[in-house]
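The file run_9.txt comes next; it holds compact mmCIF, C-alpha atoms.
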```
# COMPACT_ATOMS: atom_id res chain seq x y z
CA MET A 1 0.00 0.00 0.00
CA LEU A 2 1.22 3.47 -0.89
CA ASP A 3 1.59 5.35 2.40
CA LEU A 4 1.55 9.13 2.01
CA ASP A 5 2.97 9.45 5.53
CA VAL A 6 6.39 8.97 3.90
CA HIS A 7 6.19 12.73 3.24
CA LEU A 8 5.38 13.56 6.87
CA PRO A 9 8.92 14.22 8.21
CA ALA A 10 9.69 16.63 5.35
CA ILE A 11 6.28 18.34 5.69
CA ALA A 12 6.80 18.71 9.43
CA ALA A 13 10.18 20.30 8.69
CA GLY A 14 8.46 22.93 6.54
CA ASP A 15 9.12 21.51 3.07
CA ALA A 16 6.28 22.89 0.90
CA ASP A 17 7.34 20.76 -2.09
CA ALA A 18 6.86 17.63 0.02
CA PHE A 19 3.45 18.94 1.05
CA GLY A 20 2.64 19.34 -2.66
CA ARG A 21 3.52 15.69 -3.25
CA TRP A 22 1.33 14.70 -0.31
CA ILE A 23 -1.58 16.81 -1.67
CA ALA A 24 -1.16 15.23 -5.11
CA GLY A 25 -1.88 11.83 -3.54
CA ALA A 26 -4.43 12.87 -0.91
CA GLU A 27 -6.58 15.53 -2.57
CA GLY A 28 -9.01 13.15 -4.29
CA ARG A 29 -9.80 11.19 -1.12
CA VAL A 30 -10.16 14.26 1.06
CA ARG A 31 -12.42 15.93 -1.56
CA GLU A 32 -14.50 12.75 -1.81
CA SER A 33 -14.98 12.76 1.97
CA LEU A 34 -16.70 16.15 1.65
CA ARG A 35 -19.31 14.83 -0.83
CA PRO A 36 -22.09 14.44 1.80
CA TYR A 37 -21.81 18.18 2.48
CA ALA A 38 -21.56 19.39 -1.13
CA THR A 39 -25.12 20.74 -1.33
CA ARG A 40 -24.81 22.66 1.95
CA VAL A 41 -21.26 24.05 2.05
CA ASP A 42 -18.72 25.18 -0.55
CA THR A 43 -16.53 22.07 -0.46
CA GLU A 44 -13.74 23.66 -2.53
CA ALA A 45 -13.36 26.40 0.10
CA VAL A 46 -13.50 23.83 2.91
CA LEU A 47 -10.94 21.63 1.14
CA GLN A 48 -8.47 24.50 0.76
CA GLU A 49 -8.97 25.57 4.38
CA THR A 50 -8.48 21.93 5.43
CA LEU A 51 -5.20 21.63 3.52
CA LEU A 52 -3.94 24.89 5.04
CA ARG A 53 -4.75 23.59 8.52
CA VAL A 54 -3.06 20.25 7.83
CA TRP A 55 0.08 22.20 6.89
CA GLN A 56 -0.17 24.16 10.16
CA VAL A 57 -0.67 21.13 12.41
CA ALA A 58 1.67 18.71 10.59
CA PRO A 59 4.74 19.58 12.74
CA ARG A 60 2.78 18.48 15.84
CA HIS A 61 1.12 15.46 14.23
CA VAL A 62 2.19 12.07 15.56
CA ALA A 63 1.53 9.18 13.17
CA ASP A 64 -0.46 6.38 14.79
CA GLY A 65 1.51 3.59 13.12
CA ARG A 66 -1.19 2.85 10.54
CA PRO A 67 -0.75 4.07 6.95
CA ASN A 68 -1.95 7.49 5.76
CA SER A 69 -2.51 8.98 9.22
CA LEU A 70 -2.21 12.52 7.82
CA VAL A 71 -4.95 11.82 5.25
CA ARG A 72 -7.21 10.55 8.02
CA LEU A 73 -6.45 13.68 10.02
CA ALA A 74 -7.30 15.84 6.97
CA ILE A 75 -10.63 14.05 6.56
CA ARG A 76 -11.47 14.74 10.21
CA ILE A 77 -10.49 18.39 9.91
CA GLY A 78 -12.57 18.81 6.73
CA ARG A 79 -15.58 17.13 8.24
CA ASN A 80 -15.37 19.29 11.38
CA LEU A 81 -15.13 22.44 9.26
CA CYS A 82 -18.27 21.36 7.38
CA ILE A 83 -20.12 20.64 10.63
CA ASP A 84 -19.08 24.07 11.99
CA ASP A 85 -20.39 25.71 8.79
CA LEU A 86 -23.70 23.86 9.09
CA ARG A 87 -24.06 24.90 12.73
CA ARG A 88 -23.25 28.52 11.91
CA ALA A 89 -25.88 28.51 9.16
CA ARG A 90 -28.32 26.67 11.49
CA LEU A 91 -28.65 23.83 8.98
CA ALA A 92 -29.46 20.24 9.90
CA PRO A 93 -26.57 17.73 10.07
CA VAL A 94 -26.05 15.40 7.10
CA GLU A 95 -25.52 11.65 6.76
CA ASP A 96 -21.78 11.02 6.62
CA GLU A 97 -20.41 7.50 6.23
CA ASP A 98 -16.90 8.77 7.05
CA LEU A 99 -18.11 9.31 10.60
CA ASP A 100 -17.46 5.57 10.75
CA GLU A 101 -13.69 5.76 11.25
CA THR A 102 -13.12 2.20 10.03
CA ARG A 103 -13.99 3.36 6.47
CA LEU A 104 -10.98 5.63 6.51
CA GLU A 105 -8.68 2.62 6.80
CA THR A 106 -9.62 1.45 3.31
CA PHE A 107 -7.99 4.43 1.55
CA GLU A 108 -5.33 3.38 -0.93
CA PRO A 109 -3.70 6.26 -2.77
CA ARG A 110 -2.72 5.44 -6.32
CA ALA A 111 0.31 6.62 -8.19
CA PRO A 112 -0.55 8.78 -11.24
CA ASP A 113 -1.21 6.75 -14.38
CA PRO A 114 1.33 7.86 -17.04
CA LEU A 115 -0.94 6.64 -19.86
CA LEU A 116 -3.84 8.72 -18.55
CA ARG A 117 -1.55 11.76 -18.40
CA LYS A 118 -0.47 11.14 -21.97
CA VAL A 119 -4.03 10.84 -23.31
CA ILE A 120 -5.23 13.94 -21.43
CA ALA A 121 -2.26 15.94 -22.75
CA HIS A 122 -3.01 14.72 -26.29
CA CYS A 123 -6.69 15.73 -25.97
CA HIS A 124 -5.68 19.10 -24.53
CA GLU A 125 -3.51 19.79 -27.59
CA LYS A 126 -6.49 19.11 -29.88
CA LEU A 127 -8.70 21.81 -28.34
CA PRO A 128 -9.68 24.78 -30.53
CA ASP A 129 -8.03 28.14 -29.76
CA LYS A 130 -10.50 29.82 -27.41
CA PRO A 131 -11.37 26.83 -25.20
CA ALA A 132 -7.64 25.98 -25.05
CA GLU A 133 -6.85 29.57 -24.11
CA VAL A 134 -9.27 29.71 -21.14
CA LEU A 135 -8.20 26.29 -19.88
CA ARG A 136 -4.56 27.35 -20.09
CA ALA A 137 -5.35 30.60 -18.25
CA ARG A 138 -6.96 28.78 -15.31
CA LEU A 139 -4.12 26.27 -15.16
CA ALA A 140 -1.46 28.99 -15.29
CA SER A 141 -3.15 31.01 -12.57
CA GLY A 142 -3.24 27.95 -10.30
CA GLY A 143 -6.40 29.06 -8.51
CA ALA A 144 -4.74 32.30 -7.44
CA GLU A 145 -6.82 34.74 -9.50
CA PRO A 146 -10.58 35.14 -9.98
CA ASP A 147 -12.07 34.16 -13.34
CA GLU A 148 -13.03 37.82 -13.87
CA THR A 149 -9.34 38.80 -13.89
CA LEU A 150 -8.42 35.96 -16.25
CA ALA A 151 -11.31 36.84 -18.58
CA GLU A 152 -10.30 40.50 -18.67
CA ARG A 153 -6.71 39.56 -19.49
CA LEU A 154 -7.96 37.51 -22.42
CA GLY A 155 -10.29 40.30 -23.56
CA MET A 156 -13.42 38.23 -22.86
CA ARG A 157 -16.59 38.86 -20.92
CA ILE A 158 -16.83 36.62 -17.85
CA ASN A 159 -19.77 34.66 -19.31
CA THR A 160 -17.85 34.05 -22.56
CA PHE A 161 -14.83 32.92 -20.54
CA LEU A 162 -16.87 30.42 -18.54
CA GLN A 163 -18.80 29.22 -21.62
CA ASN A 164 -15.47 28.57 -23.35
CA PHE A 165 -14.35 26.68 -20.28
CA THR A 166 -17.47 24.49 -20.49
CA ARG A 167 -16.69 23.83 -24.17
CA ALA A 168 -13.09 22.91 -23.30
CA ARG A 169 -14.25 20.52 -20.59
CA LYS A 170 -16.84 18.82 -22.82
CA MET A 171 -14.41 18.49 -25.72
CA LEU A 172 -11.79 16.96 -23.43
CA ALA A 173 -14.38 14.50 -22.12
CA GLU A 174 -15.39 13.51 -25.68
CA CYS A 175 -11.76 13.09 -26.68
CA LEU A 176 -11.05 10.91 -23.62
CA GLU A 177 -14.08 8.79 -24.40
CA LYS A 178 -12.83 8.36 -27.95
CA HIS A 179 -9.58 7.05 -26.48
CA HIS A 180 -11.52 4.68 -24.18
CA VAL A 181 -10.52 6.57 -21.03
CA ASP A 182 -13.17 6.33 -18.33
CA LEU A 183 -12.32 9.21 -16.03
CA GLU A 184 -14.96 8.09 -13.55
CA ALA A 185 -13.22 4.73 -13.22
CA GLU A 186 -9.95 6.57 -12.59
CA LEU A 187 -11.60 8.49 -9.77
CA ARG A 188 -12.81 5.38 -7.90
CA MET B 1 -25.78 37.14 -16.37
CA SER B 2 -27.23 36.36 -19.81
CA GLY B 3 -30.62 36.09 -21.53
CA ASN B 4 -31.10 32.37 -21.04
CA PRO B 5 -31.62 31.17 -17.44
CA GLY B 6 -30.12 27.77 -18.39
CA ASP B 7 -26.96 29.50 -19.59
CA ASP B 8 -26.78 31.46 -16.34
CA ARG B 9 -27.01 28.27 -14.34
CA ASP B 10 -24.25 26.59 -16.36
CA VAL B 11 -22.03 29.63 -15.92
CA LEU B 12 -22.60 29.63 -12.15
CA ILE B 13 -21.79 25.92 -11.93
CA GLU B 14 -18.62 26.42 -13.96
CA ALA B 15 -17.61 29.34 -11.72
CA LEU B 16 -18.21 27.34 -8.52
CA ALA B 17 -16.21 24.38 -9.90
CA GLY B 18 -13.12 26.59 -10.27
CA ALA B 19 -10.42 26.64 -7.59
CA TYR B 20 -10.15 30.38 -6.96
CA ARG B 21 -11.49 31.44 -3.59
CA ALA B 22 -11.20 34.90 -2.09
CA ARG B 23 -9.71 35.35 1.40
CA GLY B 24 -11.49 36.91 4.34
CA PRO B 25 -9.99 39.58 6.61
CA LEU B 26 -8.45 36.92 8.86
CA GLY B 27 -7.07 34.99 5.92
CA GLU B 28 -9.85 32.41 5.92
CA VAL B 29 -10.92 30.81 2.63
CA ARG B 30 -14.25 32.31 1.61
CA THR B 31 -17.27 30.64 0.05
CA HIS B 32 -17.62 31.41 -3.67
CA PRO B 33 -20.51 33.85 -4.35
CA ALA B 34 -21.89 31.46 -7.02
CA PHE B 35 -22.54 28.89 -4.25
CA HIS B 36 -25.34 31.07 -2.83
CA ASP B 37 -26.92 31.57 -6.28
CA LEU B 38 -27.24 27.84 -7.00
CA ASP B 39 -29.77 25.33 -5.78
CA GLU B 40 -28.70 21.99 -4.27
CA ALA B 41 -28.68 20.22 -7.65
CA GLY B 42 -26.41 22.90 -9.10
CA ARG B 43 -24.03 22.66 -6.15
CA ALA B 44 -23.87 18.88 -6.49
CA GLU B 45 -23.14 19.27 -10.20
CA ALA B 46 -20.32 21.72 -9.44
CA PHE B 47 -18.85 19.22 -6.96
CA GLU B 48 -18.74 16.52 -9.65
CA LEU B 49 -17.25 18.91 -12.19
CA ALA B 50 -14.55 20.03 -9.78
CA ARG B 51 -13.70 16.43 -8.95
CA ARG B 52 -13.13 15.49 -12.60
CA GLN B 53 -11.53 18.82 -13.48
CA ARG B 54 -8.87 18.51 -10.77
CA VAL B 55 -7.82 15.11 -12.09
CA MET B 56 -7.39 16.59 -15.58
CA GLU B 57 -5.50 19.59 -14.21
CA ALA B 58 -3.15 17.36 -12.25
CA ALA B 59 -2.54 15.29 -15.38
CA LEU B 60 -1.59 18.43 -17.32
CA ASP B 61 0.66 19.76 -14.57
CA PRO B 62 4.37 18.84 -14.64
CA GLU B 63 4.30 18.17 -10.88
CA GLY B 64 0.93 16.45 -10.93
CA LEU B 65 -0.75 19.26 -8.99
CA SER B 66 -4.31 20.46 -9.45
CA THR B 67 -5.28 24.13 -9.24
CA THR B 68 -6.58 23.43 -5.71
CA ALA B 69 -3.13 22.19 -4.74
CA ARG B 70 -1.47 25.14 -6.48
CA ALA B 71 -3.78 27.63 -4.71
CA VAL B 72 -2.93 26.16 -1.30
CA LEU B 73 0.81 26.01 -2.00
CA THR B 74 0.82 29.60 -3.25
CA ARG B 75 -0.81 30.62 0.01
CA ILE B 76 1.69 28.62 2.10
CA ARG B 77 4.59 30.19 0.24
CA GLY B 78 3.21 33.61 1.06
CA GLY B 79 1.46 34.42 -2.21
```
Take the structure in this file and express it as structure tokens.
Amino acid sequence: MLDLDVHLPAIAAGDADAFGRWIAGAEGRVRESLRPYATRVDTEAVLQETLLRVWQVAPRHVADGRPNSLVRLAIRIGRNLCIDDLRRARLAPVEDEDLDETRLETFEPRAPDPLLRKVIAHCHEKLPDKPAEVLRARLASGGAEPDETLAERLGMRINTFLQNFTRARKMLAECLEKHHVDLEAELR
Amino acid sequence: MSGNPGDDRDVLIEALAGAYRARGPLGEVRTHPAFHDLDEAGRAEAFELARRQRVMEAALDPEGLSTTARAVLTRIRGG
């Protein structure tokens, strides 16, 4: 089993690159754990706040001897942030299977599939100009700038920017399908 | 946003599925404004979109990082 705790000593020592490698393996599982809350809280915001808190507490985190202890901690932090948000908004609690801690033991991070990377890169290259441009802009900004800023830089209205992004996404999905890539299967 | 309510909804979902989030006065990650403009079905759709989109982003990134990961690392590095 791939154990992302191998990055823990470097993360605890303040190595942001090591934290990036840990996020690359953990993000999907932590995001998935927020699914039960997705209609009530902004899970992207919660996920980013969770990752920031994991970075802050990592130097004090003591692994429990079982694999992926930091991922399990992240899932607990994310869930607690969601529950806090629900309480603040006076919303009812939601059903959450991850409250059963034994489910967290079944997490097995997977190494990135080089073939999948290759096919996605190929499909990306085939995109028409405008959809490719908006996709590139979001990737280059790395979530650091609002879409409005990116749209303005490209000389587009925000709606046009987002519509082009939808086109890019759909075209990529069609291209992947053509190459027999089932992204959903990759996400399981 | 536009003349067609369906288009507006799609645009809001696409916006919510993006990784950019503003910061609050204490540095906290803020909820995207589009979240409040969508119903539960729209929010669930945005969750699914984001999930798939991040996998594609990571595949296109030389270090295998999604825009969520990049946003967090930028913040950690003082950006």
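By only C-alpha atoms, and with residues fewer than 4 positions from A:Ala151 along its chain excluded, the set lying at most 10 Å from it is Val134, Ala137, Arg138, Pro146, Asp147, Gly155, Met156, Arg157, Ile158, Asn159, Thr160, Phe161 and Leu162 of chain A.
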Show me, as a Markdown table, the residues of chain B having an atom within 7 Å of chain A, each with the closest atom pair and its distance in Å, using only C-alpha atoms.
```
| residue | atom | partner | partner_atom | distance |
| --- | --- | --- | --- | --- |
| B:Val11 | CA | A:Leu162 | CA | 5.8 |
| B:Glu14 | CA | A:Leu162 | CA | 6.3 |
| B:Ala15 | CA | A:Leu162 | CA | 6.9 |
| B:Ala19 | CA | A:Gly143 | CA | 4.8 |
| B:Tyr20 | CA | A:Gly143 | CA | 4.3 |
| B:Arg21 | CA | A:Ala45 | CA | 6.5 |
| B:Val29 | CA | A:Ala45 | CA | 5.6 |
| B:Arg30 | CA | A:Ala45 | CA | 6.2 |
| B:Thr31 | CA | A:Asp42 | CA | 5.7 |
| B:Phe35 | CA | A:Asp42 | CA | 6.5 |
| B:Glu40 | CA | A:Thr39 | CA | 4.8 |
| B:Arg43 | CA | A:Thr39 | CA | 5.3 |
| B:Ala44 | CA | A:Thr39 | CA | 5.6 |
| B:Phe47 | CA | A:Ala38 | CA | 6.4 |
| B:Met56 | CA | A:Ile120 | CA | 6.8 |
| B:Glu57 | CA | A:Leu139 | CA | 6.9 |
| B:Ala59 | CA | A:Arg117 | CA | 4.7 |
| B:Leu60 | CA | A:Ala121 | CA | 6.0 |
| B:Gly64 | CA | A:Ala24 | CA | 6.3 |
| B:Leu65 | CA | A:Ala24 | CA | 5.6 |
| B:Thr67 | CA | A:Gly142 | CA | 4.5 |
| B:Thr68 | CA | A:Gly143 | CA | 6.3 |
| B:Ala69 | CA | A:Ile23 | CA | 6.4 |
| B:Arg70 | CA | A:Gly142 | CA | 5.1 |
| B:Ala71 | CA | A:Gly143 | CA | 4.8 |
| B:Val72 | CA | A:Gln48 | CA | 6.1 |
| B:Leu73 | CA | A:Ala16 | CA | 6.9 |
```
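Counting from atom CA of B:Ala17, the distance to atom CA of B:Arg52 is 9.8 Å.
Atom CA of A:Ala168 sits 16.6 Å away from atom CA of B:Ser66.
Note that atom CA of A:Arg72 and atom CA of B:His32 are 26.1 Å apart.
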Q.
What's around B:Leu12 at 8 Å? Count only C-alpha atoms, leave out sequence neighbours fewer than 5 positions away in its own chain, and write the answer as a PyMOL selection string.
A. chain B and resi 34-35+37-38
Using all atoms of stretch 40-46 of chain B listed in the file and a margin of 6 Å per side, can you give the axis-aligned box centre and edge lengths in Å to one decimal, as JSON?
```
{"center_x": -24.5, "center_y": 20.9, "center_z": -7.2, "size_x": 20.4, "size_y": 16.0, "size_z": 17.9}
```
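Proximity to B:Glu48 was assessed for B:Gly78, B:Gly27, B:Gly18, B:Pro62 counting all atoms listed in the file; the smallest distance is recorded for B:Gly18.
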Missing atoms in stretch 136-158 of chain A: fill them in up to N, CA and C atoms and send the result as a PDB file, in the frame of the given file.
```
ATOM      1  N   ARG A 136      -5.957  27.034 -20.388  1.00  0.00           N
ATOM      2  CA  ARG A 136      -4.560  27.350 -20.090  1.00  0.00           C
ATOM      3  C   ARG A 136      -4.474  28.467 -19.040  1.00  0.00           C
ATOM      4  N   ALA A 137      -5.366  29.462 -19.178  1.00  0.00           N
ATOM      5  CA  ALA A 137      -5.350  30.600 -18.250  1.00  0.00           C
ATOM      6  C   ALA A 137      -5.639  30.148 -16.819  1.00  0.00           C
ATOM      7  N   ARG A 138      -6.638  29.259 -16.669  1.00  0.00           N
ATOM      8  CA  ARG A 138      -6.960  28.780 -15.310  1.00  0.00           C
ATOM      9  C   ARG A 138      -5.830  27.935 -14.753  1.00  0.00           C
ATOM     10  N   LEU A 139      -5.232  27.114 -15.611  1.00  0.00           N
ATOM     11  CA  LEU A 139      -4.120  26.270 -15.160  1.00  0.00           C
ATOM     12  C   LEU A 139      -2.931  27.130 -14.735  1.00  0.00           C
ATOM     13  N   ALA A 140      -2.621  28.137 -15.568  1.00  0.00           N
ATOM     14  CA  ALA A 140      -1.460  28.990 -15.290  1.00  0.00           C
ATOM     15  C   ALA A 140      -1.675  29.804 -14.014  1.00  0.00           C
ATOM     16  N   SER A 141      -2.895  30.185 -13.756  1.00  0.00           N
ATOM     17  CA  SER A 141      -3.150  31.010 -12.570  1.00  0.00           C
ATOM     18  C   SER A 141      -3.133  30.164 -11.297  1.00  0.00           C
ATOM     19  N   GLY A 142      -3.313  28.853 -11.454  1.00  0.00           N
ATOM     20  CA  GLY A 142      -3.240  27.950 -10.300  1.00  0.00           C
ATOM     21  C   GLY A 142      -4.186  28.336  -9.177  1.00  0.00           C
ATOM     22  N   GLY A 143      -5.399  28.744  -9.528  1.00  0.00           N
ATOM     23  CA  GLY A 143      -6.400  29.060  -8.510  1.00  0.00           C
ATOM     24  C   GLY A 143      -6.092  30.319  -7.714  1.00  0.00           C
ATOM     25  N   ALA A 144      -5.153  31.126  -8.209  1.00  0.00           N
ATOM     26  CA  ALA A 144      -4.740  32.300  -7.440  1.00  0.00           C
ATOM     27  C   ALA A 144      -5.451  33.583  -7.868  1.00  0.00           C
ATOM     28  N   GLU A 145      -6.150  33.531  -9.013  1.00  0.00           N
ATOM     29  CA  GLU A 145      -6.820  34.740  -9.500  1.00  0.00           C
ATOM     30  C   GLU A 145      -8.270  34.422  -9.854  1.00  0.00           C
ATOM     31  N   PRO A 146      -9.174  35.391  -9.621  1.00  0.00           N
ATOM     32  CA  PRO A 146     -10.580  35.140  -9.980  1.00  0.00           C
ATOM     33  C   PRO A 146     -10.759  35.036 -11.500  1.00  0.00           C
ATOM     34  N   ASP A 147     -11.793  34.311 -11.912  1.00  0.00           N
ATOM     35  CA  ASP A 147     -12.070  34.160 -13.340  1.00  0.00           C
ATOM     36  C   ASP A 147     -12.252  35.517 -14.023  1.00  0.00           C
ATOM     37  N   GLU A 148     -12.807  36.477 -13.294  1.00  0.00           N
ATOM     38  CA  GLU A 148     -13.030  37.820 -13.870  1.00  0.00           C
ATOM     39  C   GLU A 148     -11.703  38.420 -14.346  1.00  0.00           C
ATOM     40  N   THR A 149     -10.662  38.262 -13.543  1.00  0.00           N
ATOM     41  CA  THR A 149      -9.340  38.800 -13.890  1.00  0.00           C
ATOM     42  C   THR A 149      -8.775  38.077 -15.113  1.00  0.00           C
ATOM     43  N   LEU A 150      -8.928  36.743 -15.124  1.00  0.00           N
ATOM     44  CA  LEU A 150      -8.420  35.960 -16.250  1.00  0.00           C
ATOM     45  C   LEU A 150      -9.161  36.331 -17.533  1.00  0.00           C
ATOM     46  N   ALA A 151     -10.494  36.495 -17.410  1.00  0.00           N
ATOM     47  CA  ALA A 151     -11.310  36.840 -18.580  1.00  0.00           C
ATOM     48  C   ALA A 151     -10.889  38.195 -19.138  1.00  0.00           C
ATOM     49  N   GLU A 152     -10.691  39.144 -18.256  1.00  0.00           N
ATOM     50  CA  GLU A 152     -10.300  40.500 -18.670  1.00  0.00           C
ATOM     51  C   GLU A 152      -8.952  40.464 -19.406  1.00  0.00           C
ATOM     52  N   ARG A 153      -8.028  39.684 -18.876  1.00  0.00           N
ATOM     53  CA  ARG A 153      -6.710  39.560 -19.490  1.00  0.00           C
ATOM     54  C   ARG A 153      -6.803  38.994 -20.906  1.00  0.00           C
ATOM     55  N   LEU A 154      -7.792  38.122 -21.100  1.00  0.00           N
ATOM     56  CA  LEU A 154      -7.960  37.510 -22.420  1.00  0.00           C
ATOM     57  C   LEU A 154      -8.903  38.323 -23.314  1.00  0.00           C
ATOM     58  N   GLY A 155      -9.385  39.450 -22.790  1.00  0.00           N
ATOM     59  CA  GLY A 155     -10.290  40.300 -23.560  1.00  0.00           C
ATOM     60  C   GLY A 155     -11.662  39.674 -23.759  1.00  0.00           C
ATOM     61  N   MET A 156     -12.103  38.881 -22.769  1.00  0.00           N
ATOM     62  CA  MET A 156     -13.420  38.230 -22.860  1.00  0.00           C
ATOM     63  C   MET A 156     -14.330  38.721 -21.749  1.00  0.00           C
ATOM     64  N   ARG A 157     -15.636  38.640 -22.012  1.00  0.00           N
ATOM     65  CA  ARG A 157     -16.590  38.860 -20.920  1.00  0.00           C
ATOM     66  C   ARG A 157     -16.545  37.599 -20.051  1.00  0.00           C
ATOM     67  N   ILE A 158     -16.912  37.756 -18.765  1.00  0.00           N
ATOM     68  CA  ILE A 158     -16.830  36.620 -17.850  1.00  0.00           C
ATOM     69  C   ILE A 158     -17.695  35.445 -18.321  1.00  0.00           C
TER      70      ILE A 158
END
```
